[in-house]
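**Student:** First the structure, which I've put down as structure tokens, then a few questions once you've had a look.
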Amino acid sequence: MSTPQSRVADAIARVPYAKFLGLRAELKGDELTLIMPFAPHLVGNPMLPALHGGVVGALMEVTALTQLSITAKSEKFAKTIDINIEYLRSGKPVDTYARARVVKIGRRIANVQAEAWQNERSQPIATLHGHFMTPETDEAGA
Amino acid sequence: MSDDNPSPGENPLEMLRAMLAHTPQAKAIGADITRMEPPRVWGRTPYREDLVGDPETGVIAGGVITTFLDHISGAAVFSSLKEASSVATIDLRIDYMRAATPHKDVLAEAHCYKLGRNVAFVRAIAYDETPDDPVAQASAAFMINSNGRRRMGSNLRKPKP
């Protein structure tokens with residue numbers, strides 16, 4: 001059955017940049033996991049080789065935006081105000097996963113944290129903390 | 001096109017561009033370094049339909065700006081180094097001031113304002129017309145000689161069971 005939550009998760013498949021990264025969404029209830037399968041064009045350091053920090057940041061930002069829409073029960077995506085990314089480990093050439101937690105949704109601004117990991121959930125490769133314009137809920141908006 | 005594989009020569013800008021040409025993700029988004037005056041570098045990422053983040057408006061994805069700013073900031077560090085070394089982002093903060101204008105290339109400039117022995121600090125700005133009307137601003141810290149004692153291909157090793 002199509003719910004507002006599943007429609008948002010499905011919407012990712014139609015975003016050109018999400019296709020460029022090869023992102024896949026998995027939704028369990030209202031919890032979203034984004035999967036970024038390894039692909040050679042995601043590499044930033046060919047010597048190790050390691051994923052480009054930018055795509056790890058992008059994965060977490062898309063996760064934060066999508067989780068925020070799900071939590072806010074909106075089918076729109078929020079606008080990013082600022083993001084803080086911390087890199088903890090080099091991203092290996094394997095699949096990467098990300099989940100986000102909405103810390104607070106205010107009337108105008110939402111505060112979201114996200115984490116990316118690879119083989120071990122307990123060893124994140126990067127974290128993100130960001131502020132976003134709260135997306136309009138469907139009753140108020142469209 | 002000669003830009004695909006610039007030959008490294010005595011020209012530092014060409015060396016930097018050659019290095020970037022070997023970065024698969026920089027190539028994938030089409031990022032290029034257009035000017036270099038250490039500790040500052042300038043670059044461009046052309047607008048492309050497949051990098052759009054909002055199909056309704058045609059605005060380029062925030063992730064592309066993030067990747068470009070991360071990349072050009074790393075390039076500013078690299079341009080400042082006396083000896084070539086690997087650099088890795090420690091943290092990156094980006095403020096998004098406005099949406100990038102659809103169908104316009106994204107331009108950026110980065111300034112490595114402090115180069116330490118182990119860590120370098122960079123400010124960067126992305127815009128589509130002039131730096132006075134920025135799309136986004138970044139500040140980042142980088143680790144220098146990030147490959148350290150790790151050898152080529154060390155990330156390919158299977159983790160110990």
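Here, A, B, ... name the chains of the structure tokens in the order displayed, residue numbers run from 1 inside each chain, and ligands are numbered from 1 in the same displayed order.
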Sorted by chain and rising residue number, list the residues of chain A at most 6 Å from chain B (counting only C-alpha atoms), each with its closest atom pair and distance in Å to one decimal, as a Markdown table.
**Tutor:**
```
| residue | atom | partner | partner_atom | distance |
| --- | --- | --- | --- | --- |
| A:Val15 | CA | B:Gly53 | CA | 5.8 |
| A:Pro16 | CA | B:Asp50 | CA | 4.9 |
| A:Tyr17 | CA | B:Leu51 | CA | 4.4 |
| A:His41 | CA | B:Pro24 | CA | 5.0 |
| A:Leu42 | CA | B:Gln25 | CA | 5.0 |
| A:Val43 | CA | B:Gln25 | CA | 5.5 |
| A:Gly44 | CA | B:Thr23 | CA | 5.3 |
| A:Met47 | CA | B:Met152 | CA | 5.1 |
| A:Leu48 | CA | B:Gly153 | CA | 4.5 |
| A:Pro49 | CA | B:Asn155 | CA | 5.9 |
| A:Gly54 | CA | B:Thr67 | CA | 3.6 |
| A:Ala58 | CA | B:Gly63 | CA | 4.2 |
| A:Ile81 | CA | B:Tyr96 | CA | 5.2 |
| A:Asp82 | CA | B:Asp95 | CA | 4.3 |
| A:Ile83 | CA | B:Ile94 | CA | 5.4 |
| A:Asn84 | CA | B:Arg93 | CA | 4.3 |
| A:Ile85 | CA | B:Leu92 | CA | 5.1 |
| A:Glu86 | CA | B:Asp91 | CA | 4.4 |
| A:Tyr87 | CA | B:Ile90 | CA | 5.2 |
| A:Lys92 | CA | B:Asn155 | CA | 5.6 |
```
**Student:** Take the residues that were just selected and, keeping all heavy atoms, output them as a compact mmCIF listing (two decimals), in the first residue's frame.
**Tutor:**
```
# COMPACT_ATOMS: atom_id res chain seq x y z
N VAL A 15 14.89 11.26 -8.49
CA VAL A 15 15.82 12.40 -8.44
C VAL A 15 17.07 12.05 -9.24
O VAL A 15 17.74 11.06 -8.94
CB VAL A 15 16.20 12.73 -6.97
CG1 VAL A 15 17.27 13.81 -6.93
CG2 VAL A 15 14.97 13.16 -6.19
N PRO A 16 17.38 12.85 -10.28
CA PRO A 16 18.53 12.51 -11.13
C PRO A 16 19.82 12.30 -10.34
O PRO A 16 20.55 11.34 -10.59
CB PRO A 16 18.64 13.72 -12.07
CG PRO A 16 17.27 14.28 -12.13
CD PRO A 16 16.66 14.04 -10.78
N TYR A 17 20.10 13.18 -9.36
CA TYR A 17 21.36 13.06 -8.63
C TYR A 17 21.40 11.79 -7.78
O TYR A 17 22.47 11.19 -7.61
CB TYR A 17 21.57 14.30 -7.74
CG TYR A 17 22.88 14.26 -6.98
CD1 TYR A 17 24.10 14.27 -7.66
CD2 TYR A 17 22.90 14.19 -5.59
CE1 TYR A 17 25.30 14.22 -6.97
CE2 TYR A 17 24.10 14.15 -4.89
CZ TYR A 17 25.29 14.16 -5.59
OH TYR A 17 26.48 14.10 -4.91
N HIS A 41 32.91 5.27 -9.92
CA HIS A 41 32.91 6.73 -10.07
C HIS A 41 32.76 7.45 -8.73
O HIS A 41 32.84 8.68 -8.68
CB HIS A 41 31.83 7.17 -11.06
CG HIS A 41 30.43 7.09 -10.53
ND1 HIS A 41 29.75 5.90 -10.41
CD2 HIS A 41 29.58 8.05 -10.09
CE1 HIS A 41 28.54 6.14 -9.93
NE2 HIS A 41 28.42 7.44 -9.72
N LEU A 42 32.55 6.71 -7.63
CA LEU A 42 32.39 7.35 -6.31
C LEU A 42 33.74 7.54 -5.61
O LEU A 42 33.79 8.14 -4.53
CB LEU A 42 31.48 6.50 -5.42
CG LEU A 42 30.07 6.22 -5.97
CD1 LEU A 42 29.30 5.31 -5.02
CD2 LEU A 42 29.30 7.53 -6.20
N VAL A 43 34.81 7.06 -6.21
CA VAL A 43 36.12 7.07 -5.56
C VAL A 43 36.73 8.47 -5.59
O VAL A 43 36.64 9.19 -6.59
CB VAL A 43 37.05 6.05 -6.25
CG1 VAL A 43 38.50 6.25 -5.82
CG2 VAL A 43 36.59 4.63 -5.93
N GLY A 44 37.33 8.88 -4.47
CA GLY A 44 38.01 10.17 -4.40
C GLY A 44 39.51 10.01 -4.27
O GLY A 44 40.28 10.86 -4.69
N MET A 47 44.34 5.71 -4.67
CA MET A 47 45.47 4.94 -4.15
C MET A 47 45.01 3.90 -3.12
O MET A 47 45.46 2.76 -3.15
CB MET A 47 46.48 5.87 -3.48
CG MET A 47 47.12 6.88 -4.40
SD MET A 47 48.31 6.11 -5.50
CE MET A 47 49.66 5.86 -4.36
N LEU A 48 44.12 4.32 -2.21
CA LEU A 48 43.76 3.40 -1.10
C LEU A 48 42.90 2.22 -1.53
O LEU A 48 43.17 1.13 -1.04
CB LEU A 48 43.10 4.20 0.03
CG LEU A 48 44.05 5.18 0.73
CD1 LEU A 48 43.30 5.99 1.78
CD2 LEU A 48 45.21 4.45 1.39
N PRO A 49 41.93 2.25 -2.35
CA PRO A 49 41.15 3.40 -2.78
C PRO A 49 40.08 3.73 -1.75
O PRO A 49 39.61 2.86 -1.04
CB PRO A 49 40.51 2.89 -4.07
CG PRO A 49 40.44 1.41 -3.93
CD PRO A 49 41.49 1.00 -2.94
N GLY A 54 32.86 13.90 -0.51
CA GLY A 54 31.66 14.60 -0.99
C GLY A 54 30.48 13.66 -1.17
O GLY A 54 29.35 14.02 -0.81
N ALA A 58 27.02 13.70 0.71
CA ALA A 58 25.78 13.79 -0.08
C ALA A 58 24.81 12.68 0.34
O ALA A 58 23.61 12.93 0.49
CB ALA A 58 26.10 13.70 -1.56
N ILE A 81 19.80 24.34 5.22
CA ILE A 81 20.35 25.62 5.69
C ILE A 81 21.85 25.47 5.90
O ILE A 81 22.65 26.22 5.36
CB ILE A 81 19.67 26.07 7.00
CG1 ILE A 81 18.17 26.23 6.78
CG2 ILE A 81 20.29 27.38 7.50
CD1 ILE A 81 17.39 26.41 8.07
N ASP A 82 22.23 24.49 6.72
CA ASP A 82 23.67 24.22 6.89
C ASP A 82 23.89 22.77 7.26
O ASP A 82 22.99 22.10 7.79
CB ASP A 82 24.31 25.17 7.91
CG ASP A 82 23.73 25.01 9.31
OD1 ASP A 82 23.65 23.87 9.79
OD2 ASP A 82 23.36 26.02 9.91
N ILE A 83 25.06 22.28 6.94
CA ILE A 83 25.44 20.93 7.34
C ILE A 83 26.87 20.94 7.88
O ILE A 83 27.71 21.73 7.43
CB ILE A 83 25.34 19.90 6.17
CG1 ILE A 83 26.08 20.38 4.93
CG2 ILE A 83 23.92 19.56 5.84
CD1 ILE A 83 26.17 19.35 3.83
N ASN A 84 27.09 20.09 8.87
CA ASN A 84 28.41 19.88 9.45
C ASN A 84 28.74 18.41 9.26
O ASN A 84 28.04 17.56 9.79
CB ASN A 84 28.38 20.15 10.95
CG ASN A 84 29.00 21.48 11.27
OD1 ASN A 84 30.22 21.61 11.20
ND2 ASN A 84 28.18 22.44 11.59
N ILE A 85 29.80 18.11 8.54
CA ILE A 85 30.15 16.71 8.30
C ILE A 85 31.45 16.42 9.02
O ILE A 85 32.41 17.20 8.92
CB ILE A 85 30.33 16.44 6.79
CG1 ILE A 85 29.06 16.85 6.03
CG2 ILE A 85 30.62 14.96 6.55
CD1 ILE A 85 29.25 16.86 4.53
N GLU A 86 31.50 15.31 9.74
CA GLU A 86 32.75 14.87 10.36
C GLU A 86 33.13 13.53 9.76
O GLU A 86 32.32 12.61 9.71
CB GLU A 86 32.57 14.77 11.87
CG GLU A 86 32.19 16.13 12.43
CD GLU A 86 32.19 16.18 13.94
OE1 GLU A 86 32.54 15.19 14.57
OE2 GLU A 86 31.83 17.26 14.45
N TYR A 87 34.37 13.46 9.30
CA TYR A 87 34.85 12.23 8.68
C TYR A 87 35.65 11.45 9.71
O TYR A 87 36.59 11.97 10.31
CB TYR A 87 35.68 12.56 7.45
CG TYR A 87 34.85 13.17 6.35
CD1 TYR A 87 34.79 14.55 6.17
CD2 TYR A 87 34.09 12.37 5.51
CE1 TYR A 87 34.00 15.12 5.18
CE2 TYR A 87 33.30 12.92 4.51
CZ TYR A 87 33.26 14.29 4.35
OH TYR A 87 32.48 14.85 3.37
N LYS A 92 35.68 2.69 2.44
CA LYS A 92 36.26 1.62 1.62
C LYS A 92 35.43 1.41 0.36
O LYS A 92 34.27 1.82 0.31
CB LYS A 92 36.33 0.34 2.45
CG LYS A 92 37.25 0.52 3.63
CD LYS A 92 37.51 -0.74 4.38
CE LYS A 92 38.63 -0.42 5.36
NZ LYS A 92 38.94 -1.47 6.27
```
**Student:** Can you list, as a PyMOL selection string, all residues belonging to chain B that DSSP tags as helix (DSSP H, G or I)?
**Tutor:** chain B and resi 2-4+12-21+24-29+49-51+62-80+154-156
**Student:** Can you tell me which residues surround Pro46 of chain B at a distance of at most 8 Å, considering only C-alpha atoms, apart from same-chain residues fewer than 3 positions away, and format the answer as a list in words?
**Tutor:**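 In the requested format, the answer is Gly30, Ala31, Lys104, Asp105 and Val106 of chain B.
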**Student:** Would you write out those residues with C-alpha atoms, as a compact mmCIF listing (two decimals), in the first residue's frame?
**Tutor:**
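Output file result_0.txt is given in full below:
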```txt
# COMPACT_ATOMS: atom_id res chain seq x y z
CA GLY B 30 32.97 17.30 -14.35
CA ALA B 31 34.79 19.45 -11.79
CA LYS B 104 24.34 27.84 -14.92
CA ASP B 105 27.75 26.38 -14.15
CA VAL B 106 28.79 26.34 -10.50
```
**Student:** Please identify all polymer residues within 8 Å of segment 121-125 of chain A, counting only C-alpha atoms, omitting same-chain residues fewer than 5 positions from it, and present them as a ChimeraX atom specification.
**Tutor:** /A:87-91,115-116
